[in-house]
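Enquirer: Below you will find the structure I want to go over with you.
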Amino acid sequence: MTFGQIISEARKRLGISQKTLAERIKKENGEAISPQYLNDIERDRRNPPSEHLISQFSKELKIPKDYLLLAAGTLPKEVKQKLGDSNPEAVEQAFRAFRRQIK
């Protein structure tokens with residue numbers, strides 16, 4: 001499932017309208033996202049949003065944040081920070097260890 005499909009199904013499962021969910025999700029400046037923006041996300045007409053918004057979707061829709069980050073194709077901020085300070089070989093080694101763990 002795509003990020004948008006996950007958001008849409010979870011919202012519907014909880015019986016929340018797009019308008020209501022949009023009012024609950026706040027941008028970094030404190031303004032709510034628009035229902036149209038949410039509709040575009042759910043229909044995969046937009047790229048997945050920032051981790052700031054993903055965190056709120058996670059809370060409102062009761063979906064694990066890491067699952068949403070995976071669906072969005074991104075890494076959690078703390079992983080990016082930790083790996084961002086590493087050299088390319090260390091990053092590759094970390095991903096190899098992760099792949100071994102999930103096998």
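Chain lettering (A, B, ...) mirrors the order of the structure tokens, residue numbering begins at 1 for each chain separately, and ligand numbering begins at 1 in order of display.
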Please provide as JSON, numbers by chain all residues within 12 Å of Thr20 of chain A, with the sequence filter that same-chain residues fewer than 3 positions apart are discarded (counting only C-alpha atoms).

Expert: {"A": [11, 12, 14, 15, 16, 17, 23, 24, 25, 26, 32, 33, 34, 35, 38, 60, 61]}

Enquirer: Name the residues of chain A that come out as helix (DSSP H, G or I) in a backbone DSSP run; write them as a PyMOL selection string.

Expert: chain A and resi 3-13+18-24+35-42+51-61+65-72+77-84+88-102

Enquirer: Might you pull out every residue within 12 Å of Pro49 of chain A, with only C-alpha atoms counted and same-chain residues fewer than 2 positions away left off, and present them as a VMD selection string?

Expert: chain A and resid 3 to 4 7 25 to 28 33 37 to 38 40 to 42 44 to 47 51 to 57 68 to 69 71 to 74

Enquirer: Using the selection just defined, write its residues with N, CA, C and O atoms as a compact mmCIF listing (two decimals), in the first residue's frame.

Expert:
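Saved file out-v4.txt follows:
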# COMPACT_ATOMS: atom_id res chain seq x y z
N PHE A 3 1.64 5.35 0.85
CA PHE A 3 1.44 6.21 2.00
C PHE A 3 0.02 6.76 2.01
O PHE A 3 -0.68 6.70 3.01
N GLY A 4 -0.42 7.26 0.86
CA GLY A 4 -1.76 7.83 0.77
C GLY A 4 -2.86 6.82 1.06
O GLY A 4 -3.84 7.14 1.73
N ILE A 7 -3.06 6.22 4.84
CA ILE A 7 -3.73 7.34 5.51
C ILE A 7 -5.23 7.27 5.28
O ILE A 7 -6.03 7.39 6.21
N ILE A 25 -4.24 18.32 11.78
CA ILE A 25 -2.85 18.22 11.34
C ILE A 25 -2.32 19.63 11.09
O ILE A 25 -2.82 20.35 10.22
N LYS A 26 -1.31 20.01 11.87
CA LYS A 26 -0.78 21.37 11.81
C LYS A 26 0.59 21.41 11.15
O LYS A 26 1.47 20.60 11.46
N LYS A 27 0.77 22.38 10.26
CA LYS A 27 2.07 22.62 9.66
C LYS A 27 3.01 23.21 10.71
O LYS A 27 2.59 23.55 11.82
N GLU A 28 4.28 23.37 10.33
CA GLU A 28 5.27 23.90 11.26
C GLU A 28 4.89 25.29 11.76
O GLU A 28 5.22 25.67 12.87
N ILE A 33 -3.46 21.92 7.84
CA ILE A 33 -3.38 21.63 6.41
C ILE A 33 -4.79 21.75 5.83
O ILE A 33 -5.78 21.68 6.56
N TYR A 37 -5.31 19.43 0.38
CA TYR A 37 -3.96 18.86 0.52
C TYR A 37 -4.05 17.42 1.01
O TYR A 37 -3.38 16.54 0.48
N LEU A 38 -4.89 17.17 2.01
CA LEU A 38 -5.08 15.81 2.52
C LEU A 38 -5.63 14.91 1.43
O LEU A 38 -5.18 13.78 1.25
N ASP A 40 -5.21 15.23 -1.75
CA ASP A 40 -4.11 14.96 -2.69
C ASP A 40 -3.16 13.91 -2.14
O ASP A 40 -2.67 13.05 -2.89
N ILE A 41 -2.86 13.96 -0.84
CA ILE A 41 -2.00 12.95 -0.22
C ILE A 41 -2.65 11.57 -0.34
O ILE A 41 -2.02 10.61 -0.77
N GLU A 42 -3.93 11.49 0.02
CA GLU A 42 -4.64 10.21 0.00
C GLU A 42 -4.73 9.62 -1.40
O GLU A 42 -4.80 8.41 -1.57
N ASP A 44 -2.44 10.03 -3.66
CA ASP A 44 -1.06 9.92 -4.15
C ASP A 44 -0.73 10.94 -5.23
O ASP A 44 0.06 10.66 -6.14
N ARG A 45 -1.33 12.11 -5.13
CA ARG A 45 -1.03 13.19 -6.07
C ARG A 45 0.03 14.13 -5.49
O ARG A 45 0.41 15.10 -6.14
N ARG A 46 0.46 13.85 -4.29
CA ARG A 46 1.53 14.62 -3.62
C ARG A 46 2.55 13.63 -3.08
O ARG A 46 2.21 12.50 -2.75
N ASN A 47 3.75 14.11 -2.95
CA ASN A 47 4.76 13.30 -2.27
C ASN A 47 4.39 13.22 -0.79
O ASN A 47 3.73 14.12 -0.27
N GLU A 51 8.39 14.79 8.14
CA GLU A 51 8.29 13.98 9.35
C GLU A 51 7.42 14.68 10.39
O GLU A 51 6.73 14.03 11.17
N HIS A 52 7.43 16.01 10.39
CA HIS A 52 6.59 16.78 11.31
C HIS A 52 5.11 16.41 11.12
O HIS A 52 4.40 16.13 12.08
N LEU A 53 4.66 16.38 9.88
CA LEU A 53 3.27 16.02 9.60
C LEU A 53 3.02 14.53 9.78
O LEU A 53 1.97 14.12 10.29
N ILE A 54 3.99 13.71 9.40
CA ILE A 54 3.85 12.26 9.56
C ILE A 54 3.65 11.91 11.03
O ILE A 54 2.83 11.05 11.37
N SER A 55 4.34 12.59 11.92
CA SER A 55 4.18 12.35 13.36
C SER A 55 2.74 12.60 13.80
O SER A 55 2.18 11.85 14.61
N GLN A 56 2.14 13.63 13.26
CA GLN A 56 0.76 13.95 13.62
C GLN A 56 -0.22 12.95 13.02
O GLN A 56 -1.18 12.55 13.69
N PHE A 57 0.01 12.55 11.78
CA PHE A 57 -0.83 11.51 11.18
C PHE A 57 -0.76 10.25 12.04
O PHE A 57 -1.77 9.60 12.29
N LEU A 68 4.70 4.55 9.05
CA LEU A 68 4.39 5.63 8.10
C LEU A 68 5.66 6.17 7.45
O LEU A 68 5.66 6.48 6.26
N LEU A 69 6.73 6.28 8.21
CA LEU A 69 7.99 6.75 7.63
C LEU A 69 8.47 5.78 6.56
O LEU A 69 8.95 6.20 5.50
N ALA A 71 6.56 3.79 4.74
CA ALA A 71 5.66 3.96 3.59
C ALA A 71 5.97 5.24 2.83
O ALA A 71 5.80 5.31 1.62
N ALA A 72 6.46 6.26 3.55
CA ALA A 72 6.81 7.54 2.92
C ALA A 72 8.17 7.48 2.25
O ALA A 72 8.55 8.40 1.52
N GLY A 73 8.93 6.41 2.50
CA GLY A 73 10.24 6.28 1.88
C GLY A 73 11.30 7.14 2.55
O GLY A 73 12.22 7.62 1.88
N THR A 74 11.18 7.34 3.83
CA THR A 74 12.15 8.17 4.53
C THR A 74 12.61 7.48 5.80
O THR A 74 12.04 6.48 6.22

Enquirer: What does the structure give for the distance between atom CA of Gln93 of chain A and atom CA of Pro64 of chain A, in Å to one decimal?

Expert: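 Separating atom CA of Gln93 of chain A from atom CA of Pro64 of chain A is a distance of 26.1 Å.
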
Enquirer: Can you tell me, as a list in words, what residues are no more than 12 Å from Lys82 of chain A when counting only C-alpha atoms, ignoring any on the same chain fewer than 6 positions away?

Expert: Leu75, Pro76, Ala90, Val91 and Ala94 of chain A

Enquirer: Based on the selection just made, write C-alpha atoms of those residues as an mmCIF file, in the first residue's frame.

Expert:
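Result written to again35.cif:
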data_model
loop_
_atom_site.group_PDB
_atom_site.id
_atom_site.type_symbol
_atom_site.label_atom_id
_atom_site.label_comp_id
_atom_site.auth_asym_id
_atom_site.auth_seq_id
_atom_site.Cartn_x
_atom_site.Cartn_y
_atom_site.Cartn_z
ATOM 1 C CA LEU A 75 14.173 7.528 7.652
ATOM 2 C CA PRO A 76 13.405 8.802 11.138
ATOM 3 C CA ALA A 90 29.738 3.073 8.022
ATOM 4 C CA VAL A 91 26.335 3.831 6.495
ATOM 5 C CA ALA A 94 24.650 -0.207 9.168
#

Enquirer: Given only C-alpha atoms as the basis, pick out the residue of A:Lys65, A:Glu92, A:Gly84, A:Thr2 nearest to Pro48 of chain A.

Expert: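 Looking at the shortest contact to Pro48 of chain A, the residue is A:Thr2.
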